[in-house]
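> This one is model02.txt, compact mmCIF, C-alpha atoms.
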# COMPACT_ATOMS: atom_id res chain seq x y z
CA MET A 1 -74.72 59.71 -142.38
CA LYS A 2 -75.90 59.98 -138.81
CA ARG A 3 -73.47 57.23 -137.80
CA ASN A 4 -70.56 59.09 -139.47
CA LEU A 5 -71.48 62.29 -137.66
CA ILE A 6 -71.46 60.47 -134.32
CA LEU A 7 -68.03 58.98 -135.10
CA ILE A 8 -66.65 62.41 -136.03
CA LEU A 9 -67.98 63.93 -132.80
CA MET A 10 -66.47 61.08 -130.79
CA ALA A 11 -63.10 61.61 -132.49
CA VAL A 12 -63.20 65.35 -131.72
CA LEU A 13 -63.97 64.61 -128.07
CA VAL A 14 -61.07 62.15 -127.84
CA VAL A 15 -58.61 64.64 -129.38
CA THR A 16 -59.89 67.46 -127.15
CA ALA A 17 -59.49 65.27 -124.07
CA ALA A 18 -55.99 64.31 -125.14
CA ILE A 19 -55.00 67.96 -125.62
CA ALA A 20 -56.52 68.90 -122.29
CA GLY A 21 -54.70 66.00 -120.64
CA CYS A 22 -51.38 67.15 -122.09
CA GLY A 23 -52.08 70.68 -120.87
CA GLN A 24 -52.75 69.50 -117.32
CA LYS A 25 -49.61 67.40 -117.34
CA LYS A 26 -47.56 70.36 -118.53
CA ASP A 27 -49.09 72.63 -115.89
CA SER A 28 -48.32 70.10 -113.16
CA ASP A 29 -44.63 70.28 -114.07
CA VAL A 30 -44.55 74.04 -113.38
CA ILE A 31 -45.03 75.89 -110.11
CA LYS A 32 -46.23 79.47 -110.64
CA ILE A 33 -45.19 82.19 -108.23
CA GLY A 34 -46.88 85.52 -108.75
CA VAL A 35 -44.89 88.74 -108.53
CA PHE A 36 -47.09 91.67 -107.58
CA GLU A 37 -45.13 94.93 -107.94
CA PRO A 38 -45.33 98.51 -109.26
CA ILE A 39 -43.49 98.20 -112.57
CA THR A 40 -44.90 101.53 -113.77
CA GLY A 41 -46.18 104.65 -112.01
CA ALA A 42 -44.86 106.68 -109.09
CA ASN A 43 -43.38 103.69 -107.24
CA ALA A 44 -41.85 101.98 -110.27
CA ALA A 45 -38.21 102.40 -109.22
CA GLY A 46 -38.86 100.58 -105.95
CA GLY A 47 -40.88 97.82 -107.57
CA GLN A 48 -38.26 97.23 -110.23
CA LEU A 49 -35.53 96.85 -107.59
CA GLU A 50 -37.53 94.16 -105.82
CA VAL A 51 -38.16 92.39 -109.14
CA GLU A 52 -34.41 92.36 -109.80
CA GLY A 53 -33.85 90.46 -106.57
CA ILE A 54 -36.73 88.06 -107.27
CA LYS A 55 -35.52 87.31 -110.81
CA LEU A 56 -31.99 86.67 -109.56
CA ALA A 57 -33.30 84.23 -106.94
CA ASN A 58 -35.34 82.46 -109.61
CA LYS A 59 -32.26 82.18 -111.81
CA LEU A 60 -30.19 80.69 -108.99
CA TYR A 61 -32.99 78.49 -107.62
CA PRO A 62 -35.17 77.63 -110.65
CA GLU A 63 -36.73 74.42 -109.31
CA VAL A 64 -38.44 72.96 -106.27
CA LEU A 65 -39.93 69.49 -105.76
CA GLY A 66 -38.41 68.58 -109.13
CA LYS A 67 -40.57 71.17 -110.89
CA LYS A 68 -39.66 74.37 -112.72
CA VAL A 69 -40.63 77.60 -110.95
CA GLU A 70 -42.19 80.16 -113.28
CA LEU A 71 -42.55 83.81 -112.28
CA VAL A 72 -45.81 85.47 -113.31
CA ILE A 73 -45.27 89.22 -113.05
CA ALA A 74 -48.27 91.53 -112.60
CA ASP A 75 -47.86 95.31 -112.70
CA ASN A 76 -49.97 96.98 -110.02
CA LYS A 77 -49.12 100.35 -111.63
CA SER A 78 -48.52 102.09 -108.27
CA ASP A 79 -52.30 102.34 -107.88
CA LYS A 80 -54.55 100.80 -105.21
CA VAL A 81 -57.37 99.87 -107.61
CA GLU A 82 -54.91 98.41 -110.12
CA ALA A 83 -53.25 96.57 -107.24
CA ALA A 84 -56.48 94.76 -106.39
CA THR A 85 -57.00 93.93 -110.07
CA ALA A 86 -53.45 92.58 -110.47
CA ALA A 87 -53.74 90.43 -107.35
CA ALA A 88 -57.09 89.05 -108.50
CA ARG A 89 -55.59 88.08 -111.85
CA LEU A 90 -52.77 86.18 -110.16
CA VAL A 91 -55.14 84.35 -107.83
CA GLU A 92 -58.10 83.66 -110.10
CA LYS A 93 -56.72 83.48 -113.63
CA GLU A 94 -53.06 82.48 -113.24
CA LYS A 95 -53.77 80.14 -110.30
CA VAL A 96 -50.40 80.91 -108.72
CA THR A 97 -49.12 78.86 -105.79
CA ALA A 98 -47.78 81.89 -103.89
CA ILE A 99 -47.28 85.64 -104.39
CA ILE A 100 -44.41 88.06 -103.68
CA GLY A 101 -45.06 91.77 -103.15
CA SER A 102 -45.61 94.60 -103.05
CA TRP A 103 -43.30 97.55 -102.72
CA GLY A 104 -45.60 100.07 -101.04
CA SER A 105 -47.73 99.16 -98.05
CA SER A 106 -50.90 100.71 -99.52
CA LEU A 107 -50.58 98.50 -102.60
CA SER A 108 -50.05 95.41 -100.47
CA MET A 109 -53.04 96.24 -98.30
CA ALA A 110 -55.21 96.59 -101.42
CA ALA A 111 -54.50 92.94 -102.21
CA GLY A 112 -55.00 91.66 -98.67
CA ASP A 113 -58.60 90.45 -98.86
CA ILE A 114 -58.03 88.88 -102.29
CA VAL A 115 -55.13 86.65 -101.21
CA LYS A 116 -56.89 85.82 -97.95
CA LYS A 117 -60.11 84.70 -99.66
CA GLY A 118 -58.15 82.88 -102.37
CA LYS A 119 -55.98 81.19 -99.71
CA VAL A 120 -52.79 82.07 -101.59
CA PRO A 121 -49.79 82.67 -99.28
CA THR A 122 -48.23 86.04 -99.98
CA VAL A 123 -44.86 87.33 -98.80
CA GLY A 124 -44.10 91.04 -98.85
CA ALA A 125 -40.52 92.14 -99.31
CA SER A 126 -40.48 95.71 -97.99
CA CYS A 127 -44.08 96.66 -97.11
CA THR A 128 -43.62 97.82 -93.52
CA ASN A 129 -47.05 99.07 -92.36
CA PRO A 130 -48.39 96.75 -89.60
CA LEU A 131 -51.82 96.62 -91.26
CA VAL A 132 -50.45 94.58 -94.19
CA THR A 133 -50.37 91.39 -92.13
CA LYS A 134 -52.72 92.27 -89.25
CA GLY A 135 -55.70 89.90 -89.23
CA ASN A 136 -54.54 88.21 -92.44
CA GLU A 137 -53.16 84.72 -91.94
CA TYR A 138 -52.14 84.51 -95.61
CA TYR A 139 -49.91 87.62 -95.66
CA PHE A 140 -46.32 87.55 -94.39
CA ARG A 141 -43.22 89.70 -94.84
CA VAL A 142 -39.44 89.40 -94.67
CA CYS A 143 -38.86 92.98 -93.45
CA PHE A 144 -39.26 94.68 -90.08
CA ILE A 145 -42.33 96.85 -89.47
CA ASP A 146 -42.83 100.57 -88.96
CA PRO A 147 -43.23 100.69 -85.16
CA PHE A 148 -39.63 99.44 -84.97
CA GLN A 149 -38.43 101.67 -87.81
CA GLY A 150 -40.10 104.74 -86.30
CA THR A 151 -38.50 103.97 -82.94
CA VAL A 152 -35.07 103.54 -84.54
CA MET A 153 -35.24 106.96 -86.20
CA ALA A 154 -36.65 108.70 -83.12
CA ASN A 155 -33.76 107.25 -81.11
CA TYR A 156 -31.31 108.45 -83.75
CA ALA A 157 -32.77 111.97 -83.70
CA TYR A 158 -32.77 112.22 -79.92
CA LYS A 159 -29.58 110.36 -79.01
CA LYS A 160 -27.29 111.01 -81.98
CA LEU A 161 -28.49 114.42 -83.14
CA ASN A 162 -29.43 115.68 -79.65
CA ALA A 163 -32.72 116.88 -81.12
CA LYS A 164 -35.38 118.16 -78.73
CA LYS A 165 -37.75 119.73 -81.29
CA ALA A 166 -38.84 117.96 -84.48
CA ALA A 167 -40.93 118.80 -87.51
CA ILE A 168 -42.81 116.14 -89.48
CA VAL A 169 -43.38 116.27 -93.24
CA GLN A 170 -45.50 113.35 -94.40
CA GLU A 171 -46.92 112.11 -97.68
CA VAL A 172 -50.48 112.07 -96.35
CA SER A 173 -51.86 109.99 -99.25
CA ASN A 174 -49.40 107.20 -98.43
CA ASP A 175 -50.31 104.77 -95.60
CA TYR A 176 -46.64 103.92 -95.13
CA ALA A 177 -45.59 107.54 -94.61
CA VAL A 178 -48.44 108.42 -92.25
CA GLY A 179 -47.92 105.30 -90.16
CA LEU A 180 -44.18 105.79 -89.90
CA ALA A 181 -44.59 109.46 -88.95
CA ASN A 182 -47.01 108.47 -86.19
CA TYR A 183 -44.62 105.88 -84.72
CA PHE A 184 -41.72 108.35 -84.85
CA THR A 185 -43.82 111.02 -83.13
CA GLU A 186 -45.05 108.67 -80.42
CA HIS A 187 -41.55 107.51 -79.49
CA PHE A 188 -39.93 110.95 -79.82
CA LYS A 189 -42.42 112.33 -77.31
CA LYS A 190 -41.53 109.55 -74.88
CA LEU A 191 -37.82 110.23 -75.27
CA THR A 192 -38.08 114.00 -74.79
CA GLY A 193 -40.80 113.87 -72.15
CA ASP A 194 -42.28 116.86 -73.96
CA PRO A 195 -45.80 116.54 -75.44
CA ASN A 196 -45.05 119.64 -77.57
CA CYS A 197 -41.73 118.40 -78.99
CA VAL A 198 -43.21 118.15 -82.51
CA VAL A 199 -43.38 121.81 -83.48
CA ALA A 200 -44.91 121.37 -86.94
CA VAL A 201 -46.69 118.72 -89.03
CA ALA A 202 -46.88 119.33 -92.77
CA ASN A 203 -48.78 117.22 -95.29
CA TYR A 204 -48.48 116.73 -99.03
CA ASN A 205 -49.90 114.34 -101.62
CA THR A 206 -48.23 111.85 -103.92
CA GLY A 207 -47.20 113.68 -107.08
CA ASP A 208 -46.82 117.13 -105.47
CA GLN A 209 -43.78 119.11 -106.58
CA ASP A 210 -44.00 122.41 -104.72
CA PHE A 211 -43.45 122.27 -100.96
CA SER A 212 -42.62 125.94 -100.37
CA ALA A 213 -45.65 126.69 -98.17
CA GLN A 214 -45.04 123.72 -95.86
CA LEU A 215 -41.31 124.39 -95.65
CA THR A 216 -41.70 128.13 -95.00
CA ASN A 217 -43.89 127.33 -91.99
CA ILE A 218 -41.41 124.70 -90.75
CA LYS A 219 -38.50 127.13 -91.09
CA SER A 220 -40.31 129.61 -88.84
CA LYS A 221 -40.57 126.94 -86.12
CA ASN A 222 -36.79 126.32 -86.14
CA PRO A 223 -36.80 122.54 -85.47
CA ASP A 224 -33.67 120.60 -84.53
CA VAL A 225 -34.55 117.84 -87.03
CA ILE A 226 -37.07 117.14 -89.80
CA PHE A 227 -38.50 113.64 -90.17
CA ALA A 228 -39.86 113.28 -93.71
CA PRO A 229 -41.06 109.77 -94.60
CA GLY A 230 -42.38 109.52 -98.15
CA ASN A 231 -41.77 108.34 -101.68
CA PHE A 232 -38.25 108.84 -103.11
CA THR A 233 -39.25 111.38 -105.80
CA GLU A 234 -41.24 113.75 -103.61
CA SER A 235 -38.76 113.39 -100.72
CA ALA A 236 -35.80 114.34 -102.91
CA LEU A 237 -37.65 117.39 -104.27
CA LEU A 238 -38.70 118.40 -100.75
CA ILE A 239 -35.16 118.18 -99.39
CA SER A 240 -33.79 120.16 -102.32
CA GLN A 241 -36.35 122.92 -101.77
CA ALA A 242 -35.69 122.93 -98.02
CA ARG A 243 -32.00 123.56 -98.57
CA LYS A 244 -32.74 126.34 -101.07
CA LEU A 245 -34.94 128.00 -98.45
CA GLY A 246 -32.02 127.99 -96.04
CA ILE A 247 -33.20 125.15 -93.80
CA THR A 248 -29.97 123.63 -92.49
CA CYS A 249 -31.11 121.22 -89.77
CA PRO A 250 -30.69 117.44 -90.32
CA ILE A 251 -33.37 115.77 -92.44
CA ILE A 252 -34.01 112.09 -91.82
CA GLY A 253 -36.37 109.51 -93.32
CA GLY A 254 -37.25 105.88 -93.98
CA ASP A 255 -36.42 102.96 -96.24
CA THR A 256 -38.15 104.29 -99.37
CA TRP A 257 -35.31 106.73 -99.97
CA GLU A 258 -32.87 104.02 -101.01
CA THR A 259 -33.25 104.29 -104.78
CA GLN A 260 -30.97 105.76 -107.44
CA GLU A 261 -33.77 108.17 -108.35
CA PHE A 262 -33.57 109.76 -104.90
CA LEU A 263 -29.88 110.55 -105.53
CA ASP A 264 -30.46 111.66 -109.13
CA ILE A 265 -33.26 114.07 -108.23
CA GLY A 266 -31.82 115.36 -104.95
CA LYS A 267 -28.21 115.66 -106.16
CA GLY A 268 -26.05 117.66 -103.72
CA ALA A 269 -29.03 118.64 -101.59
CA VAL A 270 -29.41 115.11 -100.20
CA GLU A 271 -25.78 114.87 -99.05
CA GLY A 272 -25.75 113.90 -95.39
CA VAL A 273 -29.38 112.84 -95.07
CA VAL A 274 -29.90 109.77 -92.87
CA PHE A 275 -32.49 107.02 -93.22
CA SER A 276 -33.35 103.55 -91.97
CA THR A 277 -33.25 100.53 -94.25
CA PHE A 278 -32.96 96.73 -94.24
CA PHE A 279 -29.55 95.67 -95.52
CA ALA A 280 -26.05 96.96 -96.23
CA SER A 281 -23.74 95.41 -98.79
CA GLU A 282 -20.79 96.55 -96.66
CA THR A 283 -21.81 94.15 -93.91
CA PRO A 284 -22.86 90.76 -95.33
CA ILE A 285 -24.58 88.85 -92.53
CA THR A 286 -24.90 85.29 -93.81
CA ASN A 287 -23.42 82.97 -96.42
CA GLU A 288 -26.53 83.69 -98.49
CA SER A 289 -25.67 87.42 -98.24
CA LYS A 290 -22.28 86.74 -99.83
CA LYS A 291 -23.81 84.63 -102.58
CA PHE A 292 -26.46 87.27 -103.27
CA LEU A 293 -23.93 90.11 -103.44
CA GLU A 294 -21.60 88.22 -105.77
CA GLU A 295 -24.36 87.11 -108.13
CA TYR A 296 -26.22 90.45 -108.08
CA ARG A 297 -23.11 92.42 -109.00
CA LYS A 298 -22.40 89.94 -111.78
CA GLU A 299 -25.97 90.05 -113.09
CA TYR A 300 -26.70 93.79 -112.87
CA ASN A 301 -23.24 95.39 -112.69
CA LYS A 302 -24.16 97.61 -109.72
CA GLU A 303 -24.56 97.55 -105.95
CA PRO A 304 -27.88 96.17 -104.71
CA ALA A 305 -30.48 98.22 -102.85
CA ALA A 306 -31.82 96.66 -99.67
CA VAL A 307 -35.21 95.95 -101.26
CA ALA A 308 -33.53 93.83 -103.96
CA ALA A 309 -32.11 91.61 -101.21
CA LEU A 310 -35.58 91.41 -99.63
CA GLY A 311 -37.19 90.42 -102.93
CA TYR A 312 -34.58 87.68 -103.20
CA ASP A 313 -35.34 86.55 -99.65
CA ALA A 314 -39.10 86.44 -100.20
CA TYR A 315 -38.58 84.05 -103.13
CA ILE A 316 -36.18 81.66 -101.39
CA LEU A 317 -38.33 81.65 -98.23
CA ILE A 318 -41.36 80.56 -100.29
CA LEU A 319 -39.31 77.82 -101.98
CA ASP A 320 -38.15 76.59 -98.59
CA ALA A 321 -41.76 76.41 -97.39
CA ILE A 322 -42.83 74.49 -100.53
CA LYS A 323 -39.97 72.06 -99.96
CA ARG A 324 -40.93 71.54 -96.32
CA ALA A 325 -44.60 71.14 -97.26
CA GLY A 326 -43.64 68.61 -99.93
CA SER A 327 -46.66 69.88 -101.81
CA THR A 328 -48.07 72.69 -103.93
CA ASP A 329 -51.17 72.84 -101.74
CA THR A 330 -51.44 76.54 -100.86
CA VAL A 331 -52.79 75.94 -97.35
CA LYS A 332 -49.93 73.57 -96.50
CA ILE A 333 -47.40 76.07 -97.89
CA ARG A 334 -48.99 78.84 -95.85
CA ASP A 335 -48.66 76.72 -92.70
CA GLU A 336 -44.96 76.08 -93.39
CA ILE A 337 -44.25 79.77 -94.06
CA ALA A 338 -45.81 80.58 -90.69
CA LYS A 339 -43.38 78.18 -88.99
CA THR A 340 -40.29 79.92 -90.45
CA THR A 341 -37.57 80.29 -87.82
CA ASN A 342 -33.96 81.38 -88.23
CA PHE A 343 -34.12 81.05 -92.01
CA GLU A 344 -30.90 82.18 -93.71
CA GLY A 345 -31.62 84.98 -96.16
CA ALA A 346 -29.52 87.51 -98.05
CA ALA A 347 -30.64 90.32 -95.73
CA GLY A 348 -30.12 88.31 -92.56
CA PHE A 349 -31.79 85.52 -90.63
CA ILE A 350 -35.58 85.49 -90.73
CA SER A 351 -37.91 84.41 -87.95
CA LEU A 352 -41.61 85.18 -88.35
CA ASP A 353 -43.67 86.17 -85.32
CA GLU A 354 -47.33 85.35 -84.63
CA ASN A 355 -48.43 88.12 -87.04
CA GLY A 356 -46.25 86.89 -89.90
CA ASP A 357 -43.77 89.75 -89.45
CA ALA A 358 -40.02 89.28 -89.55
CA VAL A 359 -38.01 90.09 -86.45
CA LYS A 360 -35.00 91.79 -88.06
CA ASP A 361 -32.23 94.28 -87.43
CA ALA A 362 -32.50 97.77 -88.93
CA VAL A 363 -29.65 99.36 -90.84
CA ILE A 364 -28.98 103.09 -90.83
CA LYS A 365 -27.41 104.66 -93.92
CA TYR A 366 -26.56 108.17 -95.04
CA VAL A 367 -25.67 109.83 -98.31
CA LYS A 368 -21.96 110.51 -98.71
CA ASP A 369 -20.37 111.71 -101.96
CA GLY A 370 -23.54 110.88 -103.84
CA LYS A 371 -23.70 107.28 -102.59
CA PHE A 372 -25.63 105.39 -99.94
CA THR A 373 -23.19 104.56 -97.15
CA TYR A 374 -23.52 102.27 -94.15
CA LEU A 375 -23.68 104.00 -90.76
CA ASP A 376 -24.95 101.55 -88.13
CA THR A 377 -26.97 98.41 -87.37
CA ILE A 378 -29.75 98.54 -84.78
CA LYS A 379 -31.12 95.37 -83.19
CA PRO A 380 -34.78 95.00 -82.16
Could you express the structure from this file as structure tokens?

Amino acid sequence: MKRNLILILMAVLVVTAAIAGCGQKKDSDVIKIGVFEPITGANAAGGQLEVEGIKLANKLYPEVLGKKVELVIADNKSDKVEAATAAARLVEKEKVTAIIGSWGSSLSMAAGDIVKKGKVPTVGASCTNPLVTKGNEYYFRVCFIDPFQGTVMANYAYKKLNAKKAAIVQEVSNDYAVGLANYFTEHFKKLTGDPNCVVAVANYNTGDQDFSAQLTNIKSKNPDVIFAPGNFTESALLISQARKLGITCPIIGGDTWETQEFLDIGKGAVEGVVFSTFFASETPITNESKKFLEEYRKEYNKEPAAVAALGYDAYILILDAIKRAGSTDTVKIRDEIAKTTNFEGAAGFISLDENGDAVKDAVIKYVKDGKFTYLDTIKP
């Protein structure tokens, strides 16, 4: 009886080992890339646009090193705590080879220590705050950063709008908005030579819907321009309320405005507003741009937002690094990403600097007849 029991146990161990062996073999044939984005919550529209670009890239380039690339999508729910949890799941449980994301600099920053400690190379698509990559050798991005974006919009206000007095309205709970407002202010003061050129600074929190108090104060200061970086929903509501209060001066902002929701909520009130962004479908830059535009229109039956092109670029840049590394070793992939120079993406050529930030042109768009329309391209 004892001998039979031993034989049964041995048989179970052999079968278990065989199953485990098959599992390992199957896993080795798949390369997992984590996608870390706000699929729900206040930033969902932006996150979903980036995911569209990533999924399209995965469809067009489904393999690397002879292995299938599988996307593992984690919803960070537009929340910093959830962002850390989602990133930890990708690193610790899913054992991904690399990560893409996130829309929203605060969400990306919440994952920073996790990807750094886990040694998982992560490429942001549109997270522009300098702190995302600062001091983190495992975080990169395919977009420009806010010091450049703030400078671009300050130049536009001063040189194109002839503005000498500006008001700032910032989403104070959003690291992206606060950072961008600071860079705009710093450069606008240099351009005007006037330390008092910012006549009002108004704050609001994510989720606010009534901006009457802030706008009434701004109206009394009579600025030449309002710079209002923030999330697309709150920004559209703010602009609509500003126009209803009789504020007629130009209102300008940053890349987060480029979503359909901004147009849907703002309607006629957002006509003429100007903002900086990353890419314009009217001016394809590379052969990859043309391929992206053709395939995106076919896949989604609409024009792509700039962040969709950046999501696409983050994916193909990671695949290129894996190919150059000839390995799924995350440290080797990280080292190859860091060497990226003149890489051809959908949103232009990508060269990463010593901080892992892309040196890229900025695009300026405005709203015309209810559509985002190309205005200009600004080089670094």
> As an exercise, work out the distance from atom CA of Ala362 of chain A to atom CA of Asp175 of chain A in Å and give it to one decimal place.
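Value for the atom CA of Ala362 of chain A-atom CA of Asp175 of chain A distance: 20.3 Å.
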> Could you put an axis-aligned box around every listed atom of segment 226-244 of chain A, padded by 8 Å on each side, and send me its centre and edge lengths in Å to one decimal, as JSON?

{"center_x": -37.2, "center_y": 117.3, "center_z": -97.8, "size_x": 26.4, "size_y": 34.0, "size_z": 32.0}
> Please, what distance in Å, to one decimal, runs between atom CA of Gly135 of chain A and atom CA of Val81 of chain A?
21.0 Å
> Using all atoms listed in the file, can you list as a list in words the residues within 12 Å of (-42.7, 70.9, -96.0)?
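Those residues, ordered by chain and then number, are Val64, Leu65, Leu317, Ile318, Leu319, Asp320, Ala321, Ile322, Lys323, Arg324, Ala325, Gly326, Ser327, Thr328, Asp329, Thr330, Val331, Lys332, Ile333, Arg334, Asp335, Glu336, Ile337, Ala338, Lys339 and Thr340 of chain A.
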> Env of Lys302 of chain A: 12 Å cut, atoms = only C-alpha atoms, seq-sep filter 4 positions within chain, self excluded. Answer as a list in words.
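My list of contacting residues is Leu49, Glu52, Gln260, Ser281, Leu293, Glu294, Glu295, Tyr296, Arg297, Lys298 and Ala308 of chain A.
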> Could you check the closest approach to Ala200 of chain A for each of A:Asp113, A:Glu288, A:Glu344, A:Asp224 and tell me which residue wins, using all atoms listed in the file?
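Selected residue with least distance to Ala200 of chain A: A:Asp224.
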> Looking at all atoms listed in the file, which of A:Ser240, A:Ser173, A:Ser126, A:Ser102 is the one that sits closest to Asp210 of chain A?
A:Ser240
> Return the single residue from A:Ala347, A:Glu299, A:Glu82, A:Val270 that is closest to Gly370 of chain A, with distances computed using all atoms listed in the file.
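Distance minimum relative to Gly370 of chain A lands on A:Val270.
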> Rank nothing, just name the residue among A:Lys164, A:Lys290, A:Lys95, A:His187 nearest to Pro147 of chain A, using only C-alpha atoms.
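Ranking A:Lys164, A:Lys290, A:Lys95, A:His187 by distance to Pro147 of chain A, first place goes to A:His187.
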> Any chance you could model N, CA and C atoms for segment 319-341 of chain A and send them as a short mmCIF file (atom, residue, chain, number, x, y, z; two decimals), in the frame of the given file?

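Printed below is result37.cif as written:
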data_model
loop_
_atom_site.label_atom_id
_atom_site.label_comp_id
_atom_site.auth_asym_id
_atom_site.auth_seq_id
_atom_site.Cartn_x
_atom_site.Cartn_y
_atom_site.Cartn_z
N LEU A 319 -39.80 79.12 -101.50
CA LEU A 319 -39.31 77.82 -101.98
C LEU A 319 -39.01 76.88 -100.82
N ASP A 320 -38.44 77.42 -99.76
CA ASP A 320 -38.15 76.59 -98.59
C ASP A 320 -39.44 76.03 -97.98
N ALA A 321 -40.48 76.85 -97.94
CA ALA A 321 -41.76 76.41 -97.39
C ALA A 321 -42.40 75.34 -98.28
N ILE A 322 -42.30 75.50 -99.60
CA ILE A 322 -42.83 74.49 -100.53
C ILE A 322 -42.11 73.17 -100.33
N LYS A 323 -40.79 73.26 -100.16
CA LYS A 323 -39.97 72.06 -99.96
C LYS A 323 -40.37 71.36 -98.66
N ARG A 324 -40.55 72.13 -97.60
CA ARG A 324 -40.93 71.54 -96.32
C ARG A 324 -42.34 70.97 -96.35
N ALA A 325 -43.23 71.64 -97.12
CA ALA A 325 -44.60 71.14 -97.26
C ALA A 325 -44.64 69.88 -98.10
N GLY A 326 -43.65 69.75 -99.02
CA GLY A 326 -43.64 68.61 -99.93
C GLY A 326 -44.85 68.60 -100.84
N SER A 327 -45.39 69.78 -101.10
CA SER A 327 -46.66 69.88 -101.81
C SER A 327 -46.83 71.28 -102.40
N THR A 328 -47.71 71.38 -103.39
CA THR A 328 -48.07 72.69 -103.93
C THR A 328 -49.41 73.15 -103.38
N ASP A 329 -49.92 72.45 -102.40
CA ASP A 329 -51.17 72.84 -101.74
C ASP A 329 -50.94 74.17 -101.01
N THR A 330 -51.70 75.19 -101.37
CA THR A 330 -51.44 76.54 -100.86
C THR A 330 -51.63 76.65 -99.34
N VAL A 331 -52.56 75.89 -98.80
CA VAL A 331 -52.79 75.94 -97.35
C VAL A 331 -51.60 75.32 -96.60
N LYS A 332 -51.09 74.20 -97.13
CA LYS A 332 -49.93 73.57 -96.50
C LYS A 332 -48.70 74.47 -96.59
N ILE A 333 -48.53 75.15 -97.73
CA ILE A 333 -47.40 76.07 -97.89
C ILE A 333 -47.53 77.23 -96.92
N ARG A 334 -48.74 77.76 -96.80
CA ARG A 334 -48.99 78.84 -95.85
C ARG A 334 -48.59 78.43 -94.43
N ASP A 335 -48.97 77.21 -94.05
CA ASP A 335 -48.66 76.72 -92.70
C ASP A 335 -47.15 76.61 -92.48
N GLU A 336 -46.42 76.20 -93.51
CA GLU A 336 -44.96 76.08 -93.39
C GLU A 336 -44.29 77.45 -93.34
N ILE A 337 -44.81 78.40 -94.12
CA ILE A 337 -44.25 79.77 -94.06
C ILE A 337 -44.38 80.30 -92.63
N ALA A 338 -45.54 80.07 -92.04
CA ALA A 338 -45.81 80.58 -90.69
C ALA A 338 -44.85 80.00 -89.65
N LYS A 339 -44.31 78.83 -89.92
CA LYS A 339 -43.38 78.18 -88.99
C LYS A 339 -41.93 78.64 -89.16
N THR A 340 -41.66 79.53 -90.12
CA THR A 340 -40.29 79.92 -90.45
C THR A 340 -39.55 80.48 -89.23
N THR A 341 -38.41 79.85 -88.94
CA THR A 341 -37.57 80.29 -87.82
C THR A 341 -36.10 80.23 -88.23
#
